$ cat upload_22.csv   # CSV, C-alpha atoms and all ligand atoms
chain,number,residue,atom,x,y,z
A,1034,MET,CA,-20.0,1.7,19.0
A,1035,GLU,CA,-22.4,-0.7,20.8
A,1036,LYS,CA,-20.6,-4.0,21.0
A,1037,GLN,CA,-22.6,-7.2,20.6
A,1038,LYS,CA,-21.5,-10.4,22.3
A,1039,GLU,CA,-20.5,-12.2,19.1
A,1040,ASP,CA,-18.6,-9.2,17.7
A,1041,ILE,CA,-14.9,-9.4,17.2
A,1042,VAL,CA,-13.3,-6.0,17.7
A,1043,ILE,CA,-9.6,-5.5,16.7
A,1044,LEU,CA,-7.3,-2.7,17.7
A,1045,ALA,CA,-4.8,-2.3,14.8
A,1046,ILE,CA,-1.5,-0.5,14.7
A,1047,GLU,CA,0.7,0.5,11.7
A,1048,SER,CA,4.1,2.1,11.9
A,1049,SER,CA,6.2,0.5,9.1
A,1050,CYS,CA,7.2,3.8,7.3
A,1051,ASP,CA,6.3,7.4,7.9
A,1052,GLU,CA,2.7,7.1,9.1
A,1053,THR,CA,1.8,6.4,12.7
A,1054,ALA,CA,-1.7,4.9,12.5
A,1055,ALA,CA,-4.2,3.1,14.7
A,1056,ALA,CA,-7.7,1.8,13.9
A,1057,VAL,CA,-10.6,-0.1,15.5
A,1058,VAL,CA,-12.2,-2.6,13.2
A,1059,ARG,CA,-15.3,-4.6,13.9
A,1060,ASN,CA,-16.0,-8.0,12.4
A,1061,GLY,CA,-13.3,-7.6,9.7
A,1062,ARG,CA,-15.0,-5.1,7.5
A,1063,GLU,CA,-16.5,-2.3,9.6
A,1064,ILE,CA,-14.1,0.6,10.3
A,1065,CYS,CA,-15.0,2.1,13.6
A,1066,SER,CA,-12.1,4.5,13.6
A,1067,ASN,CA,-9.0,5.2,11.4
A,1068,ILE,CA,-6.5,7.6,12.8
A,1069,ILE,CA,-3.4,8.5,10.8
A,1070,SER,CA,-0.6,10.9,11.9
A,1071,SER,CA,1.5,11.6,8.9
A,1072,GLN,CA,5.2,12.6,9.1
A,1073,ILE,CA,5.3,13.8,5.5
A,1074,GLU,CA,5.9,17.5,6.4
A,1075,LEU,CA,8.9,16.5,8.5
A,1076,HIS,CA,10.5,14.2,5.9
A,1077,LYS,CA,9.8,16.7,3.0
A,1078,LEU,CA,12.7,18.8,4.3
A,1079,TYR,CA,15.1,15.9,3.4
A,1080,GLY,CA,13.4,14.9,0.2
A,1081,GLY,CA,12.5,11.4,1.5
A,1082,VAL,CA,11.9,9.4,4.6
A,1083,VAL,CA,14.8,9.5,7.2
A,1084,PRO,CA,14.5,6.2,9.1
A,1085,GLU,CA,15.9,7.6,12.4
A,1086,ILE,CA,13.5,10.5,12.4
A,1087,ALA,CA,10.6,8.2,11.5
A,1088,SER,CA,11.3,6.0,14.6
A,1089,ARG,CA,11.5,8.9,17.0
A,1090,LYS,CA,8.3,10.5,15.7
A,1091,HIS,CA,6.4,7.1,16.0
A,1092,ILE,CA,7.4,6.9,19.6
A,1093,GLU,CA,6.2,10.5,20.2
A,1094,LYS,CA,2.8,9.9,18.5
A,1095,ILE,CA,1.8,6.3,19.0
A,1096,ASN,CA,0.0,6.5,22.4
A,1097,GLN,CA,-1.9,9.6,21.3
A,1098,VAL,CA,-3.0,8.0,18.0
A,1099,ILE,CA,-4.2,4.8,19.8
A,1100,GLU,CA,-6.1,6.8,22.3
A,1101,GLU,CA,-7.8,8.8,19.5
A,1102,ALA,CA,-8.7,5.6,17.7
A,1103,LEU,CA,-10.4,4.1,20.8
A,1104,GLU,CA,-12.1,7.4,21.5
A,1105,GLN,CA,-13.4,7.9,18.0
A,1106,ALA,CA,-14.7,4.3,18.0
A,1107,GLU,CA,-16.3,4.9,21.4
A,1108,VAL,CA,-14.7,1.9,22.9
A,1109,THR,CA,-12.2,1.2,25.6
A,1110,LEU,CA,-9.5,-1.6,25.8
A,1111,ASP,CA,-12.2,-3.7,27.6
A,1112,ASP,CA,-14.0,-4.0,24.3
A,1113,ILE,CA,-11.0,-5.1,22.3
A,1114,ASP,CA,-10.7,-8.9,21.4
A,1115,ALA,CA,-7.3,-8.8,19.8
A,1116,VAL,CA,-4.4,-6.5,18.9
A,1117,GLY,CA,-3.2,-6.5,15.3
A,1118,VAL,CA,0.1,-5.0,14.2
A,1119,THR,CA,2.3,-4.7,11.1
A,1120,TYR,CA,5.6,-6.5,11.9
A,1121,GLY,CA,7.1,-6.3,8.4
A,1122,PRO,CA,8.2,-5.5,5.8
A,1123,GLY,CA,9.3,-1.9,6.5
A,1124,LEU,CA,11.9,0.2,8.3
A,1125,VAL,CA,13.1,-1.9,11.3
A,1126,GLY,CA,13.2,1.0,13.8
A,1127,ALA,CA,9.8,2.2,12.7
A,1128,LEU,CA,8.2,-1.3,12.8
A,1129,LEU,CA,9.7,-1.9,16.3
A,1130,VAL,CA,7.7,1.0,17.8
A,1131,GLY,CA,4.4,-0.5,16.7
A,1132,VAL,CA,5.3,-4.1,17.6
A,1133,ALA,CA,6.5,-3.1,21.1
A,1134,GLU,CA,3.4,-1.1,21.6
A,1135,ALA,CA,1.1,-3.9,20.5
A,1136,LYS,CA,2.9,-6.4,22.6
A,1137,ALA,CA,2.7,-4.1,25.7
A,1138,ILE,CA,-1.1,-3.6,25.3
A,1139,ALA,CA,-1.8,-7.3,24.5
A,1140,TYR,CA,0.3,-8.5,27.4
A,1141,ALA,CA,-1.1,-6.0,29.9
A,1142,ARG,CA,-4.7,-6.9,28.8
A,1143,ASN,CA,-4.1,-10.6,28.2
A,1144,LEU,CA,-5.3,-10.2,24.6
A,1145,PRO,CA,-4.2,-12.3,21.6
A,1146,LEU,CA,-1.5,-10.7,19.5
A,1147,VAL,CA,-1.8,-11.0,15.6
A,1148,GLY,CA,1.2,-9.9,13.5
A,1149,VAL,CA,0.3,-8.7,10.1
A,1150,HIS,CA,2.2,-8.5,6.8
A,1151,HIS,CA,2.1,-4.9,5.5
A,1152,ILE,CA,1.2,-6.0,2.0
A,1153,GLU,CA,-1.5,-8.3,3.2
A,1154,GLY,CA,-2.9,-5.2,4.8
A,1155,HIS,CA,-2.8,-3.2,1.5
A,1156,VAL,CA,-4.6,-6.0,-0.3
A,1157,SER,CA,-7.2,-6.2,2.5
A,1158,ALA,CA,-8.0,-2.5,2.1
A,1159,ASN,CA,-10.2,-3.6,-0.8
A,1160,TYR,CA,-12.5,-5.5,1.6
A,1161,ILE,CA,-13.5,-2.3,3.4
A,1162,GLU,CA,-15.7,-0.8,0.8
A,1163,HIS,CA,-16.6,-3.8,-1.2
A,1164,PRO,CA,-18.6,-6.3,0.9
A,1165,ASP,CA,-19.0,-8.5,-2.2
A,1166,LEU,CA,-15.3,-9.0,-2.7
A,1167,GLU,CA,-13.9,-12.3,-1.5
A,1168,PRO,CA,-11.0,-14.4,-2.7
A,1169,PRO,CA,-10.0,-15.6,-5.2
A,1170,PHE,CA,-9.1,-12.6,-7.3
A,1171,MET,CA,-6.1,-11.0,-9.0
A,1172,CYS,CA,-4.4,-8.1,-7.2
A,1173,LEU,CA,-1.8,-5.6,-8.2
A,1174,ILE,CA,0.0,-4.1,-5.3
A,1175,VAL,CA,1.8,-0.9,-6.1
A,1176,SER,CA,3.3,1.1,-3.2
A,1177,GLY,CA,6.5,3.0,-2.4
A,1178,GLY,CA,8.4,-0.1,-1.4
A,1179,HIS,CA,6.6,-2.9,-3.4
A,1180,THR,CA,5.3,-3.9,-6.8
A,1181,HIS,CA,3.6,-7.3,-6.8
A,1182,LEU,CA,1.1,-9.0,-9.0
A,1183,VAL,CA,-0.6,-11.8,-7.0
A,1184,ILE,CA,-3.5,-14.2,-7.0
A,1185,VAL,CA,-5.3,-13.8,-3.7
A,1186,LYS,CA,-6.2,-17.5,-3.3
A,1187,ASP,CA,-7.8,-17.1,0.1
A,1188,TYR,CA,-7.6,-14.6,2.9
A,1189,GLY,CA,-3.9,-14.2,3.6
A,1190,GLU,CA,-3.0,-16.8,0.9
A,1191,PHE,CA,-1.1,-15.5,-2.1
A,1192,GLU,CA,0.4,-16.9,-5.3
A,1193,ILE,CA,3.0,-14.4,-6.5
A,1194,LEU,CA,3.1,-14.1,-10.3
A,1195,GLY,CA,5.5,-11.2,-10.6
A,1196,ARG,CA,7.3,-8.5,-8.7
A,1197,THR,CA,9.6,-5.7,-9.5
A,1198,ARG,CA,13.2,-6.5,-10.4
A,1199,ASP,CA,14.5,-3.0,-9.3
A,1200,ASP,CA,12.5,0.0,-8.2
A,1201,ALA,CA,9.0,-0.1,-6.9
A,1202,ALA,CA,6.4,1.8,-8.9
A,1203,GLY,CA,6.0,4.4,-6.1
A,1204,GLU,CA,9.7,4.7,-5.8
A,1205,ALA,CA,10.0,5.6,-9.5
A,1206,PHE,CA,7.3,8.2,-9.1
A,1207,ASP,CA,9.2,9.7,-6.2
A,1208,LYS,CA,12.5,9.7,-8.0
A,1209,VAL,CA,11.2,11.2,-11.2
A,1210,ALA,CA,9.3,13.9,-9.1
A,1211,ARG,CA,12.6,14.8,-7.4
A,1212,ALA,CA,14.4,15.0,-10.7
A,1213,ILE,CA,11.9,17.6,-12.0
A,1214,GLY,CA,11.9,19.4,-8.8
A,1215,LEU,CA,8.5,18.5,-7.4
A,1216,GLY,CA,9.6,17.3,-4.0
A,1217,TYR,CA,8.5,14.5,-1.7
A,1218,PRO,CA,6.3,12.5,-2.0
A,1219,GLY,CA,6.3,12.6,-5.7
A,1220,GLY,CA,3.4,10.3,-6.6
A,1221,PRO,CA,0.5,12.7,-5.9
A,1222,LYS,CA,2.5,15.7,-7.4
A,1223,ILE,CA,3.1,13.8,-10.7
A,1224,ASP,CA,-0.5,12.7,-10.7
A,1225,LYS,CA,-1.6,16.4,-10.5
A,1226,LEU,CA,0.9,17.9,-12.9
A,1227,ALA,CA,0.4,15.1,-15.5
A,1228,LYS,CA,-3.2,16.4,-15.9
A,1229,GLU,CA,-1.8,19.5,-17.6
A,1230,GLY,CA,0.7,17.6,-19.8
A,1231,ASN,CA,0.6,15.6,-23.0
A,1232,PRO,CA,1.2,11.9,-22.3
A,1233,ASP,CA,2.3,11.3,-25.9
A,1234,ALA,CA,4.9,14.2,-25.9
A,1235,ILE,CA,7.9,11.9,-25.1
A,1236,ARG,CA,8.1,8.2,-25.7
A,1237,PHE,CA,9.7,6.7,-22.6
A,1238,PRO,CA,10.6,3.0,-22.9
A,1239,LYS,CA,8.6,0.1,-21.3
A,1240,ALA,CA,10.8,-2.7,-19.9
A,1241,LYS,CA,10.4,-6.1,-21.5
A,1242,ILE,CA,11.4,-9.0,-19.3
A,1243,GLU,CA,11.8,-12.2,-21.2
A,1244,ASP,CA,12.1,-14.6,-18.4
A,1245,GLY,CA,9.3,-13.2,-16.2
A,1246,PRO,CA,6.2,-12.1,-18.1
A,1247,TYR,CA,4.6,-10.6,-15.0
A,1248,ASP,CA,7.7,-9.1,-13.4
A,1249,PHE,CA,8.3,-5.3,-13.5
A,1250,SER,CA,11.2,-3.0,-13.9
A,1251,PHE,CA,11.0,0.7,-13.5
A,1252,SER,CA,14.6,1.8,-13.3
A,1253,GLY,CA,14.8,2.0,-17.1
A,1254,VAL,CA,12.0,4.5,-17.5
A,1255,LYS,CA,13.4,6.5,-14.5
A,1256,SER,CA,16.8,6.7,-16.2
A,1257,ALA,CA,15.2,7.6,-19.5
A,1258,VAL,CA,13.6,10.6,-17.8
A,1259,LEU,CA,17.0,11.6,-16.3
A,1260,ASN,CA,18.6,11.3,-19.8
A,1261,HIS,CA,15.8,13.4,-21.3
A,1262,LEU,CA,16.4,16.1,-18.8
A,1263,ASN,CA,20.2,16.1,-19.4
A,1264,HIS,CA,19.7,16.1,-23.1
A,1265,CYS,CA,17.4,19.1,-23.0
A,1266,ARG,CA,19.7,21.0,-20.6
A,1267,MET,CA,22.8,20.3,-22.8
A,1268,GLN,CA,21.0,21.3,-26.0
A,1269,ASN,CA,19.3,24.3,-24.3
A,1270,LEU,CA,15.9,22.9,-25.2
A,1271,GLU,CA,12.8,23.8,-23.3
A,1272,ILE,CA,11.9,21.4,-20.5
A,1273,ILE,CA,8.1,21.0,-20.1
A,1274,ASP,CA,7.7,19.4,-16.7
A,1275,ALA,CA,4.0,18.6,-17.2
A,1276,ASP,CA,4.8,16.7,-20.5
A,1277,ILE,CA,7.5,14.8,-18.7
A,1278,ALA,CA,5.2,13.9,-15.8
A,1279,ALA,CA,2.3,12.9,-18.2
A,1280,SER,CA,4.6,10.8,-20.5
A,1281,PHE,CA,6.4,9.1,-17.6
A,1282,GLN,CA,3.1,8.3,-15.9
A,1283,LYS,CA,1.7,6.9,-19.1
A,1284,ALA,CA,4.7,4.6,-19.5
A,1285,VAL,CA,4.2,3.2,-16.0
A,1286,VAL,CA,0.4,3.0,-16.1
A,1287,ASP,CA,0.4,1.2,-19.5
A,1288,THR,CA,2.8,-1.4,-18.2
A,1289,LEU,CA,0.8,-2.0,-15.0
A,1290,VAL,CA,-2.5,-2.2,-16.7
A,1291,GLU,CA,-1.2,-4.5,-19.5
A,1292,LYS,CA,0.4,-7.0,-17.2
A,1293,ALA,CA,-2.4,-7.1,-14.6
A,1294,VAL,CA,-5.2,-7.6,-17.2
A,1295,LYS,CA,-3.1,-10.2,-19.1
A,1296,ALA,CA,-2.6,-12.1,-15.9
A,1297,ALA,CA,-6.3,-11.9,-15.0
A,1298,ARG,CA,-7.2,-13.3,-18.4
A,1299,GLU,CA,-4.5,-16.0,-18.3
A,1300,TYR,CA,-5.5,-17.2,-14.9
A,1301,LYS,CA,-9.2,-16.8,-15.6
A,1302,MET,CA,-9.9,-14.3,-12.8
A,1303,ASP,CA,-13.0,-12.3,-13.4
A,1304,ARG,CA,-12.1,-9.8,-10.6
A,1305,LEU,CA,-9.1,-7.6,-10.3
A,1306,ALA,CA,-8.1,-5.3,-7.5
A,1307,ILE,CA,-5.4,-2.7,-7.0
A,1308,ALA,CA,-3.8,-1.7,-3.7
A,1309,GLY,CA,-1.0,0.4,-2.2
A,1310,GLY,CA,-0.2,4.2,-2.4
A,1311,VAL,CA,0.1,4.2,-6.2
A,1312,ALA,CA,-3.4,2.7,-6.5
A,1313,SER,CA,-4.7,6.2,-5.7
A,1314,ASN,CA,-3.3,7.5,-9.0
A,1315,GLY,CA,-6.1,8.9,-11.1
A,1316,SER,CA,-4.7,7.8,-14.4
A,1317,LEU,CA,-4.0,4.2,-13.2
A,1318,ARG,CA,-7.6,3.9,-11.9
A,1319,LEU,CA,-9.1,5.3,-15.1
A,1320,ALA,CA,-6.9,3.1,-17.4
A,1321,MET,CA,-7.4,0.0,-15.4
A,1322,ALA,CA,-11.2,0.6,-15.2
A,1323,GLU,CA,-11.3,0.9,-19.0
A,1324,ALA,CA,-9.2,-2.1,-19.7
A,1325,CYS,CA,-11.1,-4.2,-17.2
A,1326,GLU,CA,-14.4,-3.2,-18.7
A,1327,LYS,CA,-13.2,-4.2,-22.2
A,1328,ALA,CA,-12.0,-7.6,-20.9
A,1329,GLY,CA,-15.2,-8.3,-18.9
A,1330,ILE,CA,-13.4,-8.1,-15.6
A,1331,ARG,CA,-14.8,-6.5,-12.4
A,1332,PHE,CA,-12.4,-3.9,-11.1
A,1333,TYR,CA,-12.0,-3.0,-7.5
A,1334,TYR,CA,-10.0,-0.2,-5.8
A,1335,PRO,CA,-10.0,1.3,-2.3
A,1336,SER,CA,-10.6,5.0,-1.6
A,1337,PRO,CA,-7.4,7.0,-1.5
A,1338,VAL,CA,-7.3,7.1,2.3
A,1339,PHE,CA,-7.2,3.3,2.3
A,1340,CYS,CA,-4.6,3.1,-0.5
A,1341,THR,CA,-1.8,4.9,1.3
A,1342,ASP,CA,-0.6,3.5,4.7
A,1343,ASN,CA,-3.3,3.2,7.3
A,1344,ALA,CA,-4.2,0.9,10.2
A,1345,ALA,CA,-7.7,0.2,9.1
A,1346,MET,CA,-6.3,-2.2,6.4
A,1347,ILE,CA,-4.1,-3.8,9.0
A,1348,GLY,CA,-7.2,-4.4,11.2
A,1349,VAL,CA,-9.0,-6.1,8.3
A,1350,ALA,CA,-6.1,-8.4,7.6
A,1351,ALA,CA,-5.6,-9.1,11.3
A,1352,TYR,CA,-9.3,-10.1,11.6
A,1353,TYR,CA,-9.0,-12.7,8.8
A,1354,GLU,CA,-5.7,-14.0,10.4
A,1355,TYR,CA,-7.4,-14.1,13.8
A,1356,ILE,CA,-10.3,-16.2,12.7
A,1357,LYS,CA,-7.9,-18.5,10.9
A,1358,GLY,CA,-6.1,-19.0,14.3
A,1359,THR,CA,-2.9,-17.0,13.7
A,1360,ARG,CA,-1.4,-15.9,17.0
A,1361,HIS,CA,2.0,-14.5,17.8
A,1362,GLY,CA,3.9,-14.8,21.0
A,1363,TRP,CA,5.7,-12.2,23.1
A,1364,ASP,CA,8.8,-12.9,21.1
A,1365,LEU,CA,7.2,-11.3,18.0
A,1366,ASN,CA,9.9,-9.2,16.4
A,1367,ALA,CA,10.0,-6.6,13.6
A,1368,VAL,CA,11.0,-8.3,10.3
A,1369,PRO,CA,12.1,-5.6,7.8
A,1370,ASN,CA,12.2,-8.0,4.8
A,1371,LEU,CA,9.3,-10.2,5.7
A,1372,LYS,CA,8.2,-12.3,2.7
A,1373,LEU,CA,4.6,-12.3,1.5
A,1374,GLY,CA,2.7,-15.3,2.8
A,1375,GLU,CA,5.1,-15.9,5.7
A,1376,ARG,CA,3.8,-16.0,9.3
B,1,LIG,O1,1.5,2.4,0.3
B,1,LIG,P1,2.3,3.6,0.6
B,1,LIG,O2,1.6,4.7,1.4
B,1,LIG,O3,3.6,3.2,1.4
B,1,LIG,C1,4.3,2.0,1.2
B,1,LIG,O4,3.9,1.0,1.7
B,1,LIG,O5,5.3,2.2,0.4
B,1,LIG,O6,2.8,4.2,-0.8
B,1,LIG,C2,3.5,5.4,-0.8
B,1,LIG,C3,3.8,5.6,-2.3
B,1,LIG,C4,4.8,6.7,-2.5
B,1,LIG,O7,5.8,6.3,-3.4
B,1,LIG,C5,3.9,7.8,-3.2
B,1,LIG,O8,4.6,8.6,-4.0
B,1,LIG,C6,2.9,6.9,-3.9
B,1,LIG,O9,2.7,5.8,-3.1
B,1,LIG,N1,1.7,7.6,-4.3
B,1,LIG,C7,1.3,7.8,-5.5
B,1,LIG,C8,0.1,8.6,-5.4
B,1,LIG,N2,-0.2,8.7,-4.1
B,1,LIG,C9,0.8,8.1,-3.4
B,1,LIG,N3,1.8,7.5,-6.7
B,1,LIG,C10,1.2,7.9,-7.8
B,1,LIG,N4,0.0,8.6,-7.8
B,1,LIG,C11,-0.5,9.0,-6.6
B,1,LIG,N5,-1.7,9.7,-6.6
B,2,ZN,ZN,2.3,0.7,2.4
$ encode --input "upload_22.csv" --output "structure tokens"
Amino acid sequence: MEKQKEDIVILAIESSCDETAAAVVRNGREICSNIISSQIELHKLYGGVVPEIASRKHIEKINQVIEEALEQAEVTLDDIDAVGVTYGPGLVGALLVGVAEAKAIAYARNLPLVGVHHIEGHVSANYIEHPDLEPPFMCLIVSGGHTHLVIVKDYGEFEILGRTRDDAAGEAFDKVARAIGLGYPGGPKIDKLAKEGNPDAIRFPKAKIEDGPYDFSFSGVKSAVLNHLNHCRMQNLEIIDADIAASFQKAVVDTLVEKAVKAAREYKMDRLAIAGGVASNGSLRLAMAEACEKAGIRFYYPSPVFCTDNAAMIGVAAYYEYIKGTRHGWDLNAVPNLKLGER
């Protein structure tokens, strides 16, 4: 990368869950490198993320991942203008590794430090491949830990219309996958298996929430899948995993699409984006694209690599925070339950 004088180059670090990631981002939207070291193989053995193992693995990997990110971008720390890092929400021990690393680099190099909200990162993933996308727009964030429907009013400014009352969408995918023996992480496995199943085979319930039209609840559909499995086992009925996967996925996708499009209409947003790990779900992308087309709404989604956890999205969010003047001090701490919009 040839750095021009007016360029703003950010080194970004992400370690909130089970991905150790670093990226170099130029002027907010150009990804010069995006290195992700996934711990999935390790956590698979336990059927989910083990926080203590995640923290230890982050410590082992983080220096190497940052070196690779700089190398691939063909820059050194001399070219970096600011260090961006996810400081919440997430696993406290995992977050701490990234935060401590970012502080150390920024302090040693006398660089500004910009703490980033993980969800703001997920939303910002949409800016990478869509140069035309700018706030305001409607955004549905569906990840392993979060389900939020928000209006992105400006960069880093959100109005939350709804959120999940219980499980996150990705969490429901993971739990149902475990129940039918698919293993961790369940989302991509259900996505794949559902292609062979009949989405209308079993009618799983969709939660109705009277006092929160844009809130979500996924524990009901998850329990319905477990009940269906128990019922089949007790009656010695055949269990068709692909039909369960397809029918469960349909129930979740229908709810997500319905609420997101309804909100976009009600708030007169002509653009709708999706973000987070579940946003890479094939059926969700297809159904949302169809519904948006019908409603005359432009639909945006990131490539799968930018949907699941990565540092490129954190670098993008850090850039917009940086130019707004957000700076964090050496007392920046990991905040496991950081609220969206807090700084
Ligand atoms: O955004 P992410 O990488 O981590 C969090 O911030 O939580 O999301 C991970 C979640 C997991 O629950 C995973 O099962 C789900 O995203 N996921 C998917 C797909 N790919 C990942 N869910 C449904 N379909 C997929 N293709
Ligand atoms: Zn995430």
$ residues_around --input "upload_22.csv" --residues "Val1183 (chain A)" --least-positions-apart "3" --cutoff "7 Å" --atoms "all atoms listed in the file" --output "VMD selection string"
chain A and resid 1171 to 1173 1191 to 1194
$ atom_distance --input "upload_22.csv" --atom1 "CA of Ile1307 (chain A)" --atom2 "CA of Ala1202 (chain A)"
12.8 Å
$ atom_distance --input "upload_22.csv" --atom1 "CA of Leu1146 (chain A)" --atom2 "CA of Val1118 (chain A)"
7.9 Å
$ residues_near_ligand --input "upload_22.csv" --ligand "ligand ZN 2 (chain B)" --cutoff "12 Å" --atoms "all atoms listed in the file" --output "NGL selection string"
:A and (1047-1054 or 1119 or 1121-1124 or 1150-1158 or 1174-1180 or 1201 or 1203-1204 or 1308-1312 or 1338-1344 or 1346-1347)
$ write_last_selection --input "upload_22.csv" --atoms "C-alpha atoms" --output "short mmCIF file (atom, residue, chain, number, x, y, z; two decimals), keeping the file's coordinate frame"
data_model
loop_
_atom_site.label_atom_id
_atom_site.label_comp_id
_atom_site.auth_asym_id
_atom_site.auth_seq_id
_atom_site.Cartn_x
_atom_site.Cartn_y
_atom_site.Cartn_z
CA GLU A 1047 0.70 0.50 11.70
CA SER A 1048 4.10 2.10 11.90
CA SER A 1049 6.20 0.50 9.10
CA CYS A 1050 7.20 3.80 7.30
CA ASP A 1051 6.30 7.40 7.90
CA GLU A 1052 2.70 7.10 9.10
CA THR A 1053 1.80 6.40 12.70
CA ALA A 1054 -1.70 4.90 12.50
CA THR A 1119 2.30 -4.70 11.10
CA GLY A 1121 7.10 -6.30 8.40
CA PRO A 1122 8.20 -5.50 5.80
CA GLY A 1123 9.30 -1.90 6.50
CA LEU A 1124 11.90 0.20 8.30
CA HIS A 1150 2.20 -8.50 6.80
CA HIS A 1151 2.10 -4.90 5.50
CA ILE A 1152 1.20 -6.00 2.00
CA GLU A 1153 -1.50 -8.30 3.20
CA GLY A 1154 -2.90 -5.20 4.80
CA HIS A 1155 -2.80 -3.20 1.50
CA VAL A 1156 -4.60 -6.00 -0.30
CA SER A 1157 -7.20 -6.20 2.50
CA ALA A 1158 -8.00 -2.50 2.10
CA ILE A 1174 0.00 -4.10 -5.30
CA VAL A 1175 1.80 -0.90 -6.10
CA SER A 1176 3.30 1.10 -3.20
CA GLY A 1177 6.50 3.00 -2.40
CA GLY A 1178 8.40 -0.10 -1.40
CA HIS A 1179 6.60 -2.90 -3.40
CA THR A 1180 5.30 -3.90 -6.80
CA ALA A 1201 9.00 -0.10 -6.90
CA GLY A 1203 6.00 4.40 -6.10
CA GLU A 1204 9.70 4.70 -5.80
CA ALA A 1308 -3.80 -1.70 -3.70
CA GLY A 1309 -1.00 0.40 -2.20
CA GLY A 1310 -0.20 4.20 -2.40
CA VAL A 1311 0.10 4.20 -6.20
CA ALA A 1312 -3.40 2.70 -6.50
CA VAL A 1338 -7.30 7.10 2.30
CA PHE A 1339 -7.20 3.30 2.30
CA CYS A 1340 -4.60 3.10 -0.50
CA THR A 1341 -1.80 4.90 1.30
CA ASP A 1342 -0.60 3.50 4.70
CA ASN A 1343 -3.30 3.20 7.30
CA ALA A 1344 -4.20 0.90 10.20
CA MET A 1346 -6.30 -2.20 6.40
CA ILE A 1347 -4.10 -3.80 9.00
#
$ closest_atom_pairs --input "upload_22.csv" --of "region 1130-1162 of chain A" --to "region 1357-1376 of chain A" --cutoff "7 Å" --atoms "all atoms listed in the file" --output "JSON lines"
{"residue": "A:Val1132", "atom": "CA", "partner": "A:Ala1367", "partner_atom": "CA", "distance": 6.7}
{"residue": "A:Lys1136", "atom": "CA", "partner": "A:Trp1363", "partner_atom": "CA", "distance": 6.5}
{"residue": "A:Pro1145", "atom": "CA", "partner": "A:Arg1360", "partner_atom": "CA", "distance": 6.5}
{"residue": "A:Leu1146", "atom": "CA", "partner": "A:His1361", "partner_atom": "CA", "distance": 5.4}
{"residue": "A:Val1147", "atom": "CA", "partner": "A:Arg1360", "partner_atom": "CA", "distance": 5.1}
{"residue": "A:Gly1148", "atom": "CA", "partner": "A:His1361", "partner_atom": "CA", "distance": 6.3}
{"residue": "A:His1150", "atom": "CA", "partner": "A:Leu1373", "partner_atom": "CA", "distance": 6.9}
$ atom_distance --input "upload_22.csv" --atom1 "CA of Leu1078 (chain A)" --atom2 "atom O9 of ligand LIG 1 (chain B)"
18.0 Å
$ closest_atom_pairs --input "upload_22.csv" --of "region 1064-1121 of chain A" --to "region 1215-1231 of chain A" --cutoff "9 Å" --atoms "only C-alpha atoms" --output "tab-separated table"
residue	atom	partner	partner_atom	distance
A:Ile1073	CA	A:Pro1218	CA	7.7
A:His1076	CA	A:Tyr1217	CA	7.9
A:Lys1077	CA	A:Tyr1217	CA	5.3
A:Leu1078	CA	A:Tyr1217	CA	8.5
A:Tyr1079	CA	A:Tyr1217	CA	8.5
A:Gly1080	CA	A:Tyr1217	CA	5.3
A:Gly1081	CA	A:Tyr1217	CA	6.0
A:Val1082	CA	A:Tyr1217	CA	8.8
$ closest_residue --input "upload_22.csv" --among "A:Glu1101, A:Asp1199, A:Asp1207, A:Asp1111" --to "ligand LIG 1 (chain B)" --atoms "all atoms listed in the file"
A:Asp1207
$ residues_around --input "upload_22.csv" --residues "Asp1200 (chain A)" --least-positions-apart "6" --cutoff "7 Å" --atoms "only C-alpha atoms" --output "number ranges by chain"
A: 1250-1252
$ write_last_selection --input "upload_22.csv" --atoms "C-alpha atoms" --output "tab-separated table (two decimals), in the coordinates of the input"
chain	number	residue	atom	x	y	z
A	1250	SER	CA	11.20	-3.00	-13.90
A	1251	PHE	CA	11.00	0.70	-13.50
A	1252	SER	CA	14.60	1.80	-13.30
$ residues_around --input "upload_22.csv" --residues "Lys1255 (chain A)" --least-positions-apart "3" --cutoff "12 Å" --atoms "only C-alpha atoms" --output "ChimeraX atom specification"
/A:1199-1213,1237-1240,1250-1252,1258-1262,1277-1278,1280-1282,1284-1285
$ residues_around --input "upload_22.csv" --residues "Glu1100 (chain A)" --least-positions-apart "2" --cutoff "12 Å" --atoms "all atoms listed in the file" --output "JSON list (two decimals) with C-alpha atoms, in the frame of the given file"
[["chain", "number", "residue", "atom", "x", "y", "z"],
["A", 1044, "LEU", "CA", -7.30, -2.70, 17.70],
["A", 1045, "ALA", "CA", -4.80, -2.30, 14.80],
["A", 1046, "ILE", "CA", -1.50, -0.50, 14.70],
["A", 1054, "ALA", "CA", -1.70, 4.90, 12.50],
["A", 1055, "ALA", "CA", -4.20, 3.10, 14.70],
["A", 1056, "ALA", "CA", -7.70, 1.80, 13.90],
["A", 1057, "VAL", "CA", -10.60, -0.10, 15.50],
["A", 1066, "SER", "CA", -12.10, 4.50, 13.60],
["A", 1067, "ASN", "CA", -9.00, 5.20, 11.40],
["A", 1068, "ILE", "CA", -6.50, 7.60, 12.80],
["A", 1069, "ILE", "CA", -3.40, 8.50, 10.80],
["A", 1094, "LYS", "CA", 2.80, 9.90, 18.50],
["A", 1095, "ILE", "CA", 1.80, 6.30, 19.00],
["A", 1096, "ASN", "CA", 0.00, 6.50, 22.40],
["A", 1097, "GLN", "CA", -1.90, 9.60, 21.30],
["A", 1098, "VAL", "CA", -3.00, 8.00, 18.00],
["A", 1102, "ALA", "CA", -8.70, 5.60, 17.70],
["A", 1103, "LEU", "CA", -10.40, 4.10, 20.80],
["A", 1104, "GLU", "CA", -12.10, 7.40, 21.50],
["A", 1105, "GLN", "CA", -13.40, 7.90, 18.00],
["A", 1106, "ALA", "CA", -14.70, 4.30, 18.00],
["A", 1107, "GLU", "CA", -16.30, 4.90, 21.40],
["A", 1108, "VAL", "CA", -14.70, 1.90, 22.90],
["A", 1109, "THR", "CA", -12.20, 1.20, 25.60],
["A", 1110, "LEU", "CA", -9.50, -1.60, 25.80],
["A", 1138, "ILE", "CA", -1.10, -3.60, 25.30]]
